[in-house]
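J.: This one is model_8.csv, CSV, C-alpha atoms.
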```csv
chain,number,residue,atom,x,y,z
A,1,MET,CA,1.9,-13.0,-54.4
A,2,LYS,CA,0.4,-10.1,-52.4
A,3,LEU,CA,-1.5,-12.5,-50.2
A,4,SER,CA,1.5,-14.6,-49.4
A,5,SER,CA,3.5,-11.6,-48.3
A,6,VAL,CA,0.7,-10.6,-45.9
A,7,TYR,CA,0.7,-14.1,-44.6
A,8,VAL,CA,4.5,-14.0,-44.0
A,9,PHE,CA,4.1,-10.6,-42.2
A,10,ILE,CA,1.4,-12.0,-39.9
A,11,VAL,CA,3.5,-15.1,-39.1
A,12,ALA,CA,6.5,-12.9,-38.5
A,13,LEU,CA,4.4,-10.7,-36.2
A,14,PHE,CA,3.5,-13.7,-34.1
A,15,VAL,CA,7.1,-14.9,-33.8
A,16,VAL,CA,8.7,-11.5,-33.2
A,17,TYR,CA,6.1,-10.0,-30.8
A,18,PRO,CA,6.4,-12.6,-28.0
A,19,LEU,CA,10.1,-12.6,-28.4
A,20,SER,CA,10.4,-8.8,-27.9
A,21,ALA,CA,7.9,-8.9,-25.0
A,22,GLN,CA,10.0,-11.5,-23.3
A,23,ASN,CA,13.2,-9.5,-23.8
A,24,GLN,CA,11.6,-6.5,-22.3
A,25,ARG,CA,10.5,-8.4,-19.3
A,26,GLU,CA,13.9,-9.9,-18.7
A,27,SER,CA,15.7,-6.6,-19.0
A,28,SER,CA,13.2,-4.5,-17.0
A,29,SER,CA,13.8,-5.9,-13.5
A,30,LEU,CA,15.9,-8.9,-12.6
A,31,SER,CA,14.8,-8.9,-9.0
A,32,ASP,CA,11.2,-9.0,-10.0
A,33,THR,CA,11.5,-12.2,-12.0
A,34,GLU,CA,13.6,-13.7,-9.3
A,35,SER,CA,11.0,-13.4,-6.6
A,36,THR,CA,8.2,-14.2,-9.0
A,37,GLN,CA,9.8,-17.5,-9.9
A,38,SER,CA,10.5,-18.4,-6.3
A,39,VAL,CA,6.9,-17.8,-5.4
A,40,GLU,CA,5.5,-19.8,-8.3
A,41,ILE,CA,7.7,-22.8,-7.6
A,42,PHE,CA,7.8,-22.6,-3.8
A,43,SER,CA,8.0,-26.1,-2.3
A,44,PHE,CA,6.8,-26.8,1.2
A,45,ASP,CA,8.0,-29.6,3.6
A,46,SER,CA,4.6,-31.0,4.0
A,47,ILE,CA,1.1,-30.8,2.5
A,48,GLU,CA,-0.3,-29.5,5.9
A,49,GLN,CA,2.2,-26.6,5.7
A,50,GLN,CA,1.2,-25.9,2.1
A,51,ASN,CA,-2.5,-25.9,3.0
A,52,ARG,CA,-2.0,-23.6,5.9
A,53,ALA,CA,0.1,-21.1,3.9
A,54,ILE,CA,-2.4,-21.0,1.1
A,55,HIS,CA,-5.3,-20.7,3.5
A,56,LEU,CA,-3.5,-17.8,5.2
A,57,ALA,CA,-2.7,-16.0,1.9
A,58,ARG,CA,-6.4,-16.3,1.0
A,59,GLN,CA,-7.4,-14.6,4.3
A,60,LEU,CA,-5.2,-11.6,3.7
A,61,ARG,CA,-6.1,-8.7,1.4
A,62,CYS,CA,-3.7,-7.4,-1.2
A,63,PRO,CA,-3.0,-3.8,-0.1
A,64,GLN,CA,-2.7,-2.6,-3.7
A,65,CYS,CA,-5.7,-4.1,-5.4
A,66,GLN,CA,-8.1,-4.2,-2.5
A,67,ASN,CA,-10.8,-6.4,-3.9
A,68,GLN,CA,-8.4,-9.4,-4.3
A,69,ASN,CA,-6.6,-11.5,-1.7
A,70,LEU,CA,-2.9,-12.4,-1.8
A,71,MET,CA,-3.6,-15.6,-3.7
A,72,GLU,CA,-5.7,-14.1,-6.5
A,73,SER,CA,-3.7,-10.9,-7.1
A,74,ASN,CA,-0.7,-10.8,-9.5
A,75,SER,CA,0.5,-7.4,-8.5
A,76,PRO,CA,4.2,-7.3,-7.5
A,77,ILE,CA,3.4,-6.6,-3.8
A,78,ALA,CA,0.9,-9.5,-3.6
A,79,LYS,CA,3.7,-11.7,-5.0
A,80,ASP,CA,6.1,-10.4,-2.4
A,81,LEU,CA,3.7,-10.8,0.4
A,82,ARG,CA,2.6,-14.3,-0.8
A,83,LEU,CA,6.3,-15.3,-0.8
A,84,LYS,CA,6.7,-13.8,2.7
A,85,VAL,CA,3.7,-15.8,4.0
A,86,TYR,CA,5.1,-19.0,2.5
A,87,LEU,CA,8.5,-18.4,4.0
A,88,MET,CA,7.1,-17.6,7.4
A,89,VAL,CA,5.0,-20.7,7.4
A,90,SER,CA,7.8,-22.9,6.3
A,91,GLU,CA,9.9,-21.4,9.1
A,92,GLY,CA,7.3,-22.7,11.5
A,93,LYS,CA,5.7,-19.3,12.3
A,94,THR,CA,2.1,-19.5,13.7
A,95,ASP,CA,-0.9,-18.0,12.0
A,96,PRO,CA,-1.2,-15.1,14.5
A,97,GLN,CA,2.6,-14.3,13.9
A,98,VAL,CA,2.1,-14.1,10.2
A,99,ILE,CA,-1.1,-11.9,10.6
A,100,ASP,CA,0.8,-9.7,13.0
A,101,PHE,CA,3.6,-9.3,10.6
A,102,MET,CA,1.2,-8.1,7.9
A,103,THR,CA,-0.9,-5.8,10.1
A,104,SER,CA,2.1,-4.2,11.7
A,105,ARG,CA,3.2,-3.1,8.2
A,106,PHE,CA,0.0,-2.5,6.2
A,107,GLY,CA,-2.5,-1.9,9.0
A,108,ASP,CA,-5.8,-3.7,9.8
A,109,MET,CA,-6.9,-3.0,6.2
A,110,VAL,CA,-5.3,-6.3,5.1
A,111,LEU,CA,-7.8,-8.3,7.3
A,112,TYR,CA,-11.1,-9.1,5.7
A,113,LYS,CA,-12.5,-9.6,9.2
A,114,PRO,CA,-11.7,-6.5,11.3
A,115,LYS,CA,-10.6,-7.1,14.9
A,116,PHE,CA,-13.2,-6.7,17.6
A,117,GLU,CA,-11.8,-3.7,19.6
A,118,PRO,CA,-13.1,-0.4,20.9
A,119,ARG,CA,-12.3,1.3,17.6
A,120,THR,CA,-14.5,-1.2,15.7
A,121,TYR,CA,-17.4,-1.5,18.2
A,122,VAL,CA,-19.7,0.7,16.0
A,123,LEU,CA,-18.9,-1.4,13.0
A,124,TRP,CA,-19.6,-4.8,14.7
A,125,LEU,CA,-22.4,-3.7,17.1
A,126,GLY,CA,-24.1,-1.0,15.0
A,127,PRO,CA,-26.1,-3.4,12.8
A,128,VAL,CA,-27.2,-5.5,15.8
A,129,PHE,CA,-28.2,-2.4,17.6
A,130,LEU,CA,-30.2,-1.1,14.6
A,131,MET,CA,-31.9,-4.5,14.2
A,132,LEU,CA,-32.9,-4.7,17.8
A,133,LEU,CA,-34.2,-1.1,17.7
A,134,PHE,CA,-36.4,-1.7,14.7
A,135,GLY,CA,-37.5,-5.1,16.0
A,136,TRP,CA,-38.6,-3.4,19.3
A,137,LEU,CA,-40.3,-0.6,17.4
A,138,GLY,CA,-42.1,-3.1,15.1
A,139,TYR,CA,-43.3,-5.1,18.2
A,140,ARG,CA,-44.6,-2.0,19.8
A,141,LYS,CA,-46.5,-1.0,16.7
A,142,VAL,CA,-48.0,-4.4,16.3
A,143,THR,CA,-49.1,-4.7,19.9
A,144,ALA,CA,-50.5,-1.2,19.8
A,145,SER,CA,-52.6,-1.9,16.8
A,146,ILE,CA,-53.9,-5.1,18.4
A,147,VAL,CA,-55.0,-3.2,21.5
A,148,ASP,CA,-56.7,-0.6,19.2
B,1,MET,CA,-49.1,11.1,18.1
B,2,LYS,CA,-46.1,13.4,18.8
B,3,GLU,CA,-44.3,10.6,20.5
B,4,HIS,CA,-44.8,8.4,17.5
B,5,LYS,CA,-43.2,10.8,15.2
B,6,LEU,CA,-40.2,11.1,17.4
B,7,MET,CA,-39.9,7.3,17.5
B,8,LEU,CA,-39.6,7.4,13.7
B,9,ILE,CA,-37.2,10.3,13.4
B,10,ILE,CA,-34.7,9.2,16.0
B,11,PRO,CA,-33.9,5.7,14.6
B,12,SER,CA,-33.8,7.2,11.1
B,13,LEU,CA,-31.3,9.8,12.2
B,14,ILE,CA,-29.2,7.1,13.9
B,15,GLY,CA,-29.3,5.0,10.7
B,16,LEU,CA,-28.4,8.0,8.5
B,17,LEU,CA,-25.5,8.9,10.8
B,18,PHE,CA,-24.2,5.3,10.5
B,19,VAL,CA,-24.4,5.4,6.7
B,20,ALA,CA,-22.8,8.8,6.6
B,21,SER,CA,-19.8,7.7,8.7
B,22,MET,CA,-19.3,4.6,6.5
B,23,MET,CA,-19.4,6.8,3.4
B,24,PHE,CA,-16.9,9.2,4.9
B,25,ALA,CA,-14.5,6.4,5.6
B,26,LEU,CA,-14.8,5.2,2.0
B,27,THR,CA,-14.2,8.5,0.4
B,28,ALA,CA,-11.2,9.2,2.7
B,29,GLN,CA,-9.6,6.1,1.1
B,30,GLU,CA,-10.3,7.3,-2.4
B,31,ARG,CA,-8.4,10.5,-1.7
B,32,GLN,CA,-5.2,8.6,-1.5
B,33,VAL,CA,-4.7,9.1,2.2
B,34,THR,CA,-4.6,5.4,3.3
B,35,PRO,CA,-2.7,6.2,6.5
B,36,SER,CA,0.7,4.4,7.1
B,37,VAL,CA,0.9,2.4,10.2
B,38,LEU,CA,4.3,4.1,10.8
B,39,VAL,CA,2.7,7.5,11.5
B,40,GLY,CA,4.1,8.7,14.8
B,41,LYS,CA,6.9,6.1,14.7
B,42,ALA,CA,10.5,6.0,13.4
B,43,MET,CA,11.4,4.1,10.2
B,44,PRO,CA,12.6,0.5,10.8
B,45,GLU,CA,16.3,0.1,11.3
B,46,PHE,CA,18.2,-0.4,8.1
B,47,LYS,CA,21.7,-0.5,6.7
B,48,VAL,CA,21.7,-0.9,2.9
B,49,ARG,CA,23.8,0.2,-0.1
B,50,SER,CA,23.5,3.6,-1.7
B,51,LEU,CA,22.2,3.7,-5.3
B,52,GLU,CA,24.7,6.3,-6.5
B,53,SER,CA,27.8,4.6,-5.2
B,54,LYS,CA,28.1,0.9,-4.8
B,55,ALA,CA,30.6,1.1,-2.0
B,56,ASP,CA,28.6,3.4,0.3
B,57,TRP,CA,26.3,2.3,3.1
B,58,LEU,CA,23.2,4.2,4.2
B,59,ASP,CA,21.4,3.8,7.5
B,60,ASN,CA,18.8,5.6,9.6
B,61,THR,CA,21.0,8.6,10.2
B,62,ILE,CA,20.3,9.7,6.6
B,63,LEU,CA,16.7,10.3,7.7
B,64,LYS,CA,17.7,12.7,10.5
B,65,THR,CA,18.4,16.3,9.7
B,66,ASP,CA,19.2,19.8,11.0
B,67,LYS,CA,16.5,21.2,8.8
B,68,SER,CA,12.9,21.0,9.9
B,69,PHE,CA,11.9,17.9,7.9
B,70,THR,CA,12.9,15.3,5.3
B,71,LEU,CA,10.9,13.8,2.5
B,72,LEU,CA,11.4,10.1,1.7
B,73,ASN,CA,10.3,9.4,-1.9
B,74,VAL,CA,9.9,5.8,-3.0
B,75,TRP,CA,10.5,5.4,-6.8
B,76,ALA,CA,11.7,3.1,-9.6
B,77,SER,CA,12.9,3.6,-13.1
B,78,TRP,CA,10.3,1.2,-14.4
B,79,CYS,CA,7.5,3.2,-12.8
B,80,ALA,CA,6.0,5.6,-15.3
B,81,VAL,CA,4.0,7.6,-12.6
B,82,CYS,CA,7.2,8.3,-10.8
B,83,GLN,CA,8.6,10.0,-13.9
B,84,SER,CA,5.5,12.2,-14.0
B,85,GLU,CA,6.3,13.6,-10.5
B,86,HIS,CA,10.0,13.9,-11.2
B,87,ASP,CA,9.9,17.6,-12.3
B,88,PHE,CA,7.9,18.5,-9.3
B,89,LEU,CA,10.4,16.9,-7.0
B,90,MET,CA,13.2,18.6,-8.8
B,91,ASN,CA,11.5,21.9,-8.2
B,92,LEU,CA,11.0,21.2,-4.5
B,93,ALA,CA,14.7,20.3,-4.2
B,94,SER,CA,16.2,23.2,-6.1
B,95,LYS,CA,13.7,26.1,-5.6
B,96,ASP,CA,12.4,25.4,-2.1
B,97,ASN,CA,15.6,23.8,-0.9
B,98,ILE,CA,13.7,20.8,0.5
B,99,ARG,CA,15.7,17.8,1.6
B,100,ILE,CA,14.5,14.6,-0.3
B,101,VAL,CA,15.9,11.1,0.3
B,102,GLY,CA,15.2,8.6,-2.4
B,103,LEU,CA,14.2,5.0,-1.9
B,104,ASN,CA,14.8,3.1,-5.1
B,105,TYR,CA,12.4,0.1,-5.1
B,106,ARG,CA,12.9,-3.2,-6.9
B,107,ASP,CA,15.1,-1.7,-9.6
B,108,ASP,CA,18.2,-2.3,-11.6
B,109,ARG,CA,21.1,-0.2,-10.5
B,110,ASP,CA,22.2,1.0,-14.0
B,111,ALA,CA,18.6,1.7,-15.1
B,112,ALA,CA,17.9,3.8,-12.0
B,113,ASN,CA,21.2,5.7,-12.2
B,114,HIS,CA,20.5,6.3,-15.9
B,115,VAL,CA,17.2,8.0,-15.0
B,116,LEU,CA,19.0,10.3,-12.5
B,117,THR,CA,21.7,11.3,-15.0
B,118,MET,CA,19.2,12.0,-17.7
B,119,LEU,CA,16.6,13.9,-15.7
B,120,GLY,CA,18.7,15.1,-12.8
B,121,SER,CA,18.5,14.0,-9.2
B,122,PRO,CA,16.3,15.7,-6.6
B,123,TYR,CA,17.8,13.4,-3.9
B,124,VAL,CA,20.5,14.1,-1.3
B,125,ALA,CA,21.0,10.3,-1.2
B,126,THR,CA,19.2,7.3,-2.5
B,127,ILE,CA,18.7,4.0,-0.7
B,128,PHE,CA,19.0,1.1,-3.0
B,129,ASP,CA,16.5,-1.7,-2.3
B,130,PRO,CA,16.6,-4.1,-5.3
B,131,GLN,CA,14.7,-6.9,-3.5
B,132,GLY,CA,12.2,-4.6,-1.8
B,133,HIS,CA,13.1,-5.9,1.7
B,134,LEU,CA,13.2,-2.5,3.3
B,135,ALA,CA,10.1,-1.4,1.4
B,136,LEU,CA,8.3,-4.4,2.8
B,137,ASP,CA,9.3,-3.4,6.4
B,138,ILE,CA,8.1,0.1,5.8
B,139,GLY,CA,4.8,-1.1,4.3
B,140,VAL,CA,5.2,0.4,0.9
B,141,ILE,CA,2.1,-0.5,-1.2
B,142,SER,CA,3.0,0.8,-4.6
B,143,THR,CA,5.3,3.4,-6.2
B,144,PRO,CA,5.4,6.3,-6.0
B,145,GLU,CA,5.0,7.0,-2.3
B,146,THR,CA,6.2,10.1,-0.4
B,147,TYR,CA,6.7,10.1,3.4
B,148,LEU,CA,7.1,13.2,5.5
B,149,LEU,CA,9.6,12.8,8.3
B,150,ASP,CA,10.4,15.2,11.1
B,151,LYS,CA,13.9,16.2,12.3
B,152,GLN,CA,14.4,13.0,14.2
B,153,GLY,CA,13.0,10.8,11.3
B,154,ILE,CA,9.6,10.2,12.8
B,155,VAL,CA,6.9,9.6,10.2
B,156,LEU,CA,4.3,12.3,10.1
B,157,PHE,CA,2.4,11.4,6.8
B,158,ARG,CA,2.4,9.1,3.9
B,159,TYR,CA,1.2,10.1,0.4
B,160,SER,CA,0.5,7.5,-2.3
B,161,GLY,CA,0.6,8.5,-5.9
B,162,ALA,CA,2.4,11.2,-8.0
B,163,LEU,CA,3.1,14.3,-5.9
B,164,ASP,CA,1.9,17.5,-7.4
B,165,GLU,CA,1.3,21.1,-6.4
B,166,ALA,CA,-2.3,20.4,-5.3
B,167,ALA,CA,-1.3,17.4,-3.1
B,168,TRP,CA,1.6,19.5,-1.7
B,169,GLN,CA,-0.7,22.3,-0.8
B,170,ASP,CA,-3.5,20.1,0.6
B,171,TYR,CA,-1.5,17.6,2.6
B,172,PHE,CA,2.1,18.6,3.2
B,173,LYS,CA,2.0,22.4,3.6
B,174,PRO,CA,-0.3,22.3,6.7
B,175,LEU,CA,1.9,19.8,8.4
B,176,ILE,CA,5.1,21.6,7.5
B,177,VAL,CA,3.7,24.9,8.9
B,178,ASP,CA,3.3,23.2,12.3
B,179,LEU,CA,7.0,22.0,12.2
B,180,ASN,CA,8.4,25.5,11.7
```
Could you spell out this file's structure in structure tokens?
T.:
Amino acid sequence: MKLSSVYVFIVALFVVYPLSAQNQRESSSLSDTESTQSVEIFSFDSIEQQNRAIHLARQLRCPQCQNQNLMESNSPIAKDLRLKVYLMVSEGKTDPQVIDFMTSRFGDMVLYKPKFEPRTYVLWLGPVFLMLLFGWLGYRKVTASIVD
Amino acid sequence: MKEHKLMLIIPSLIGLLFVASMMFALTAQERQVTPSVLVGKAMPEFKVRSLESKADWLDNTILKTDKSFTLLNVWASWCAVCQSEHDFLMNLASKDNIRIVGLNYRDDRDAANHVLTMLGSPYVATIFDPQGHLALDIGVISTPETYLLDKQGIVLFRYSGALDEAAWQDYFKPLIVDLN
């Protein structure tokens, strides 16, 4: 008798919990579910367009959770931006246009590969310079010891 | 011998400097000061509905003021962190007489207005952005965010996270002193 009532309670929990969770989600934000749905079921005109859009979304960093790209992340902003990438691609925008749109709003941080410009010379050339420097020092050391 | 020592010290110093600058850049981000690309620029043009009254439109003129500056605070009723900064914003608005414009982000109009009637409103006006279109143009990353704008509505600074006394003293106060 006792056991069966526990059993009923557990079953009830499994039925009620997902229901209430769903209700909460529906009431919390209509606009959120709207755009989420439109990004999950987005349909492209061609397979090339789809591949290009997905490739682009993978190249862009999610500004909120910075160790994920726009495809991987499920944060609201990643969904927004993913939808924006899809929309821009289906409107026929080029890759640089989409990338410009993102960097003009969120900065160069969204690029996994920073641009090569005066501001990033140290970043790009620093390691090369260090390697050359140590290579040269090593060479000098070796030749000096041979002479000795 | 002496030359040899120097040849070791100089490259090590250069390497150390490189590592130090990278570490500085990393910790700067941890301190919630990811700079907005809008710094030094005006907010993008907009014309959207007001949260408080369905019939009213708001545009960029709401961001301009006779006072020395305006705060633009991005918030939502579903955002718990926003509610933790609400009291602080109320204090700024009532005690310090600071002009705060709200930007209600991806929200339900009734839910948002309910929060303002329950807790009071620190805002002179609230921009209603249920689809997040304007927030996307501004480059809002996550709620809450607070932008410091000068008289003409030019962005001076963006703070991400709940605003509190420490953040106000550290980041906003020095910039505001320059404005007065």
J.: For chain B against chain A, which residues fall within 8 Å using all atoms listed in the file, given as a compact mmCIF listing (two decimals) with C-alpha atoms, in the coordinates of the input?
T.:
```
# COMPACT_ATOMS: atom_id res chain seq x y z
CA MET B 7 -39.90 7.30 17.50
CA PRO B 11 -33.90 5.70 14.60
CA GLY B 15 -29.30 5.00 10.70
CA PHE B 18 -24.20 5.30 10.50
CA SER B 36 0.70 4.40 7.10
CA VAL B 37 0.90 2.40 10.20
CA LEU B 38 4.30 4.10 10.80
CA TRP B 78 10.30 1.20 -14.40
CA ARG B 106 12.90 -3.20 -6.90
CA ASP B 107 15.10 -1.70 -9.60
CA ASP B 108 18.20 -2.30 -11.60
CA PRO B 130 16.60 -4.10 -5.30
CA GLN B 131 14.70 -6.90 -3.50
CA LEU B 136 8.30 -4.40 2.80
CA ASP B 137 9.30 -3.40 6.40
CA ILE B 138 8.10 0.10 5.80
CA GLY B 139 4.80 -1.10 4.30
CA VAL B 140 5.20 0.40 0.90
CA ILE B 141 2.10 -0.50 -1.20
CA SER B 142 3.00 0.80 -4.60
```
J.: Taking all atoms listed in the file into account, which of B:His114, B:Lys95, B:Arg109, B:His86 comes nearest B:Asp164?
T.: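 For B:Asp164, the nearest of the given residues is B:His86.
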J.: Could you jot down the atom CA of A:Met71 to atom CA of A:Leu111 separation for me, Å, one decimal place?
T.: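 According to the coordinates, atom CA of A:Met71 and atom CA of A:Leu111 are separated by 13.9 Å.
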J.: Could you state the separation of atom CA of B:Asn104 and atom CA of B:Pro174 in Å, given to one decimal place?
T.: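 Going from atom CA of B:Asn104 over to atom CA of B:Pro174 covers 27.1 Å.
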J.: Mind pulling up the distance from atom CA of B:Gly153 to atom CA of B:Asn60?
T.: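 One can read the atom CA of B:Asn60 to atom CA of B:Gly153 distance as 8.0 Å.
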J.: Show which residues sit within 10 Å of B:Phe88, as a ChimeraX atom specification. Count all atoms listed in the file, and ignore same-chain residues fewer than 3 positions away.
T.: /B:83-85,91-93,122,162-165,168
J.: Taking into account only C-alpha atoms, which residue in the set B:Thr34, B:Asn180, B:Asn73, B:Ser68 is nearest to B:Glu145?
T.: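 Closest to B:Glu145, using only C-alpha atoms: B:Asn73.
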J.: Which residue gives the smallest distance to A:Leu70 among A:Phe42, A:Val110, A:Val128, A:Pro118, with only C-alpha atoms counted?
T.: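 The answer is A:Val110, which sits nearest to A:Leu70.
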J.: For each of B:Tyr147, B:Arg158, B:Ala135, B:Thr65, take the minimum atom-to-atom distance to B:Pro44, counting only C-alpha atoms, then give the residue where this is smallest.
T.: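 Closest residue, counting only C-alpha atoms: B:Ala135.
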